[in-house]
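Notes follow the structure.
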Amino acid sequence: MSRKVWLAAILTLCFSFPALAQKITVSGTVIDPEGEPLIGASVLVRGETLGTATNIDGEYTISVPSDGALVFSYVGYATQEIPVNGQSVINVTMNVNSEVLGEVVAIGYGTVKKSDATGSVAVVKPDEIEAGLATSVQDMLVGQTPGVVVTTSGGPEGSGTIRIRGGSSLNASNDPLIVVDGVPLSNDGVQGMGNSLSMIAPDNIESMTILKDASATAIYGSRASNGVIIITTKKGIKGTPEVSFSANMYVNKAQKRWNVLDANSFRAMMTNVYGAGSNEVNALGNANTDWQDEVLRTTVSSDYNLSVRGSAGMLPYRVSVTYTNSNGILKTSKMDRLTFGFNLNPKFFNDHLSVSTRVRDKNFMIFNQAKDNIEYWAAF
């Protein structure tokens with residue numbers, strides 16, 4: 001009796017293998033949301049390397065296990081996985097991948113999809129850590145995109161130069177045009193400041209778009225001959241108010257000191273050259289001062305950022321206050337910056353009309369250029 005049971009079990013398993021491995025032919029059409037066929041869309045069998053592509057009419061035919069699944073993919077569209085479940089016809093409508101095609105860049109006359117932008121365009125989106133570590137906006141451009149060279153003086157006032165693909169003139173300015181929320185800034189700078197970017201708190205930056213080729217002149221004219229840096233600041237959002245606060249502290253120290261002779265070693269060298277009692281040796285005196293100790297120092301700097309954004313009824317808003325206290329390694333260098341910003345960006349008629357109202361950053365900055373020479377600067 002046991003032999004018959006084992007024989008029946010073996011026969012059952014043998015007949016079940018072909019059923020498990022049974023394949024069917026599946027065909028169908030792959031289209032986009034507007035009903036147009038997608039040419040060259042990939043159709044793969046899940047877990048296998050077997051696959052095919054749609055023809056000029058968006059049609060496909062593939063052999064697949066009856067209990068398997070088909071994976072449909074196309075550039076710019078979200079990948080879909082559909083179980084076969086014994087179906088012989090599977091038609092698919094692909095959905096646009098908004099995370100890819102929805103990415104936009106700011107240009108001179110608004111925003112455009114990154115895939116539609118012409119010319120050489122680079123986008124820099126600083127995160128919270130980068131913004132917190134930067135004293136000036138130009139610090140966030142260092143090493144972020146090819147062709148853009150930022151040379152800083154190292155001082156707390158944020159002075160420096162920005163060159164986009166090098167300089168083009170020996171006499172005229174080679175500085176790029178700075179545009180903040182659609183408003184061009186003067187390249188002449190502000191008295192008492194390193195450059196115009198020092199007026200902007202890094203924590204308020206949403207994104208920076210760099211126009212690096214000659215097409216920028218078609219938007220801004222000759223002012224853009226050295227490139228354009230378009231800065232977009234953070235805006236209000238709809239919903240429950242969000243409060244953000246960050247505090248950062250830095251220790252500033254000279255990275256390298258000059259290895260020079262001290263006064264006694266220098267006098268000994270001069271004595272060997274000119275002889276003891278010579279006028280050259282007597283003129284050196286007896287002082288032994290290390291001027292690097294007199295000029296350089298180790299300091300502690302800090303900055304604090306507080307912002308509130310949300311919506312009051314139909315009015316999205318954002319209010320921000322930033323205080324930066326930057327002490328340079330030179331004993332006579334210091335910067336105190338207090339920045340206040342406020343903006344409203346409501347939309348009307350089912351988001352067909354957008355209105356943006358912004359109070360430009362109000363800055364109060366003090367630069368201690370010399371021990372007894374303090375310059376005060378304020379911008380409205």
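Each chain in the structure tokens gets a letter, A, B, ..., in the order shown, and its residues are numbered from 1; ligands are numbered from 1 in order too.
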Counting only C-alpha atoms, what is within 10 Å of segment 244-249 of chain A, bar same-chain residues fewer than 6 positions away, as a list of chain:residue names?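 Once the nearby chain positions are removed, what remains is A:Glu128, A:Ile129, A:Gly132, A:Leu133, A:Asp203, A:Val300, A:Ser301, A:Ser302, A:Asp303, A:Tyr304, A:Asn305, A:Leu306, A:Ser307, A:Val308, A:Arg309, A:Ser320, A:Val321, A:Thr322, A:Tyr323, A:Thr324, A:Asn325, A:Ser326.
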At a cut-off of 8 Å, using only C-alpha atoms, what residues contact Gly310 of chain A? Leave out same-chain residues fewer than 2 positions from it and give the result as a PyMOL selection string. chain A and resi 236-242+308+312+316-318
Can I get the selection written as a PDB file, in the first residue's frame, with C-alpha atoms?
ATOM      1  CA  GLY A 236       6.190  81.141   2.487  1.00  0.00           C
ATOM      2  CA  ILE A 237       4.209  77.901   2.327  1.00  0.00           C
ATOM      3  CA  LYS A 238       0.594  76.976   2.814  1.00  0.00           C
ATOM      4  CA  GLY A 239      -0.382  75.153   5.958  1.00  0.00           C
ATOM      5  CA  THR A 240       0.588  75.130   9.597  1.00  0.00           C
ATOM      6  CA  PRO A 241       3.366  77.598  10.495  1.00  0.00           C
ATOM      7  CA  GLU A 242       6.864  76.136  10.633  1.00  0.00           C
ATOM      8  CA  VAL A 308       8.798  81.419  10.617  1.00  0.00           C
ATOM      9  CA  ALA A 312      -2.412  83.446   7.237  1.00  0.00           C
ATOM     10  CA  PRO A 316       1.678  82.444   2.530  1.00  0.00           C
ATOM     11  CA  TYR A 317       4.388  84.321   4.410  1.00  0.00           C
ATOM     12  CA  ARG A 318       7.946  83.993   5.644  1.00  0.00           C
TER      13      ARG A 318
END
Can you list, as a PyMOL selection string, every protein, DNA or RNA residue that comes within 9 Å of segment 347-355 of chain A when you count only C-alpha atoms, leaving out same-chain residues fewer than 3 positions away? chain A and resi 314-316+344
Which of segment 164-227 of chain A DSSP labels alpha helix (DSSP H), written as a ChimeraX atom specification: /A:217-220
How would you write, as a ChimeraX atom specification, the set of residues in segment 191-380 of chain A that DSSP gives as strand (DSSP E or B)? /A:205-211,228-233,242-252,296,299-312,315-327,330,334-344,347-348,353-354,357-370,373-379
Next, the residues of the selection above should be written as a short mmCIF file (atom, residue, chain, number, x, y, z; two decimals), in the first residue's frame with C-alpha atoms.
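The resulting file, again.cif, is reproduced below:
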data_model
loop_
_atom_site.label_atom_id
_atom_site.label_comp_id
_atom_site.auth_asym_id
_atom_site.auth_seq_id
_atom_site.Cartn_x
_atom_site.Cartn_y
_atom_site.Cartn_z
CA ILE A 205 18.87 81.06 0.03
CA GLU A 206 16.60 78.56 -1.72
CA SER A 207 18.68 78.04 -4.87
CA MET A 208 21.26 79.72 -7.08
CA THR A 209 21.25 79.45 -10.87
CA ILE A 210 24.39 80.34 -12.79
CA LEU A 211 24.10 81.37 -16.44
CA VAL A 228 24.76 85.91 -14.25
CA ILE A 229 24.10 84.50 -10.79
CA ILE A 230 20.35 84.33 -10.11
CA ILE A 231 19.51 83.91 -6.44
CA THR A 232 16.08 82.73 -5.32
CA THR A 233 15.25 83.19 -1.65
CA GLU A 242 6.86 76.14 10.63
CA VAL A 243 9.47 77.56 12.99
CA SER A 244 13.14 76.97 12.26
CA PHE A 245 16.04 77.95 14.47
CA SER A 246 19.72 77.21 14.09
CA ALA A 247 22.80 78.30 16.00
CA ASN A 248 26.37 77.74 14.89
CA MET A 249 29.69 78.45 16.53
CA TYR A 250 33.12 78.47 14.87
CA VAL A 251 36.70 78.60 16.04
CA ASN A 252 38.93 80.65 13.73
CA LEU A 296 47.06 87.12 14.62
CA THR A 299 38.70 83.73 17.88
CA VAL A 300 35.22 82.31 18.37
CA SER A 301 32.45 83.35 15.98
CA SER A 302 28.75 82.54 15.94
CA ASP A 303 25.54 83.07 13.99
CA TYR A 304 21.88 82.57 14.80
CA ASN A 305 19.00 82.08 12.36
CA LEU A 306 15.29 82.23 13.19
CA SER A 307 12.56 81.91 10.56
CA VAL A 308 8.80 81.42 10.62
CA ARG A 309 6.84 80.49 7.53
CA GLY A 310 3.28 79.41 6.96
CA SER A 311 0.04 80.97 5.78
CA ALA A 312 -2.41 83.45 7.24
CA LEU A 315 -1.46 84.60 2.32
CA PRO A 316 1.68 82.44 2.53
CA TYR A 317 4.39 84.32 4.41
CA ARG A 318 7.95 83.99 5.64
CA VAL A 319 9.69 86.08 8.29
CA SER A 320 13.37 85.64 9.07
CA VAL A 321 15.94 87.19 11.39
CA THR A 322 19.65 86.39 11.20
CA TYR A 323 22.50 87.62 13.35
CA THR A 324 26.11 86.90 12.47
CA ASN A 325 29.11 87.74 14.62
CA SER A 326 32.29 86.92 12.72
CA ASN A 327 35.65 87.67 14.29
CA LEU A 330 43.44 89.56 12.39
CA LYS A 334 35.35 91.89 12.73
CA MET A 335 31.85 91.76 11.25
CA ASP A 336 28.48 92.03 12.97
CA ARG A 337 25.47 91.52 10.66
CA LEU A 338 21.80 91.68 11.60
CA THR A 339 19.43 90.78 8.75
CA PHE A 340 15.63 90.96 8.70
CA GLY A 341 13.46 89.74 5.83
CA PHE A 342 9.73 89.43 5.15
CA ASN A 343 7.79 88.24 2.11
CA LEU A 344 4.28 87.34 0.97
CA LYS A 347 -1.91 83.04 -5.51
CA PHE A 348 -5.32 83.86 -6.96
CA LEU A 353 -2.14 84.57 -10.82
CA SER A 354 0.86 84.74 -8.50
CA THR A 357 5.76 90.93 -2.20
CA ARG A 358 9.11 91.05 -0.51
CA VAL A 359 10.75 93.41 1.94
CA ARG A 360 14.41 93.27 0.98
CA ASP A 361 16.80 92.12 3.66
CA LYS A 362 17.43 94.96 6.05
CA ASN A 363 21.02 94.80 7.20
CA PHE A 364 22.94 96.52 9.96
CA MET A 365 26.62 95.74 9.65
CA ILE A 366 29.71 96.94 11.46
CA PHE A 367 33.21 96.40 10.12
CA ASN A 368 36.07 97.12 12.46
CA GLN A 369 38.76 97.93 9.88
CA ALA A 370 41.24 99.42 12.33
CA ASN A 373 38.43 103.42 12.81
CA ILE A 374 34.99 101.83 12.86
CA GLU A 375 32.70 102.14 9.84
CA TYR A 376 28.93 101.82 10.14
CA TRP A 377 26.82 100.69 7.24
CA ALA A 378 23.08 100.19 6.83
CA ALA A 379 21.00 99.18 3.79
#
Tell me which protein, DNA and RNA residues are within 7 Å of segment 219-227 of chain A, counting only C-alpha atoms, leaving out same-chain ones fewer than 2 positions away, and put them as a count of residues only. 13
Do you know which residues are at most 10 Å from Ile90 of chain A counting only C-alpha atoms, after dropping those on the same chain fewer than 6 positions away, and could you put them as number ranges by chain? A: 26-30, 60-61, 70, 82-84
Write the selection just made, keeping C-alpha atoms, as a short mmCIF file (atom, residue, chain, number, x, y, z; two decimals), in the first residue's frame?
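As written to disk, part.cif reads:
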data_model
loop_
_atom_site.label_atom_id
_atom_site.label_comp_id
_atom_site.auth_asym_id
_atom_site.auth_seq_id
_atom_site.Cartn_x
_atom_site.Cartn_y
_atom_site.Cartn_z
CA VAL A 26 1.24 38.64 -23.71
CA SER A 27 0.79 41.60 -26.03
CA GLY A 28 -0.43 45.15 -25.65
CA THR A 29 0.20 48.85 -26.19
CA VAL A 30 2.15 51.36 -24.08
CA TYR A 60 4.86 44.82 -27.77
CA THR A 61 4.71 41.03 -27.60
CA LEU A 70 5.85 42.59 -16.37
CA ILE A 82 1.86 44.71 -13.48
CA PRO A 83 1.08 41.06 -12.55
CA VAL A 84 0.12 38.90 -15.52
#
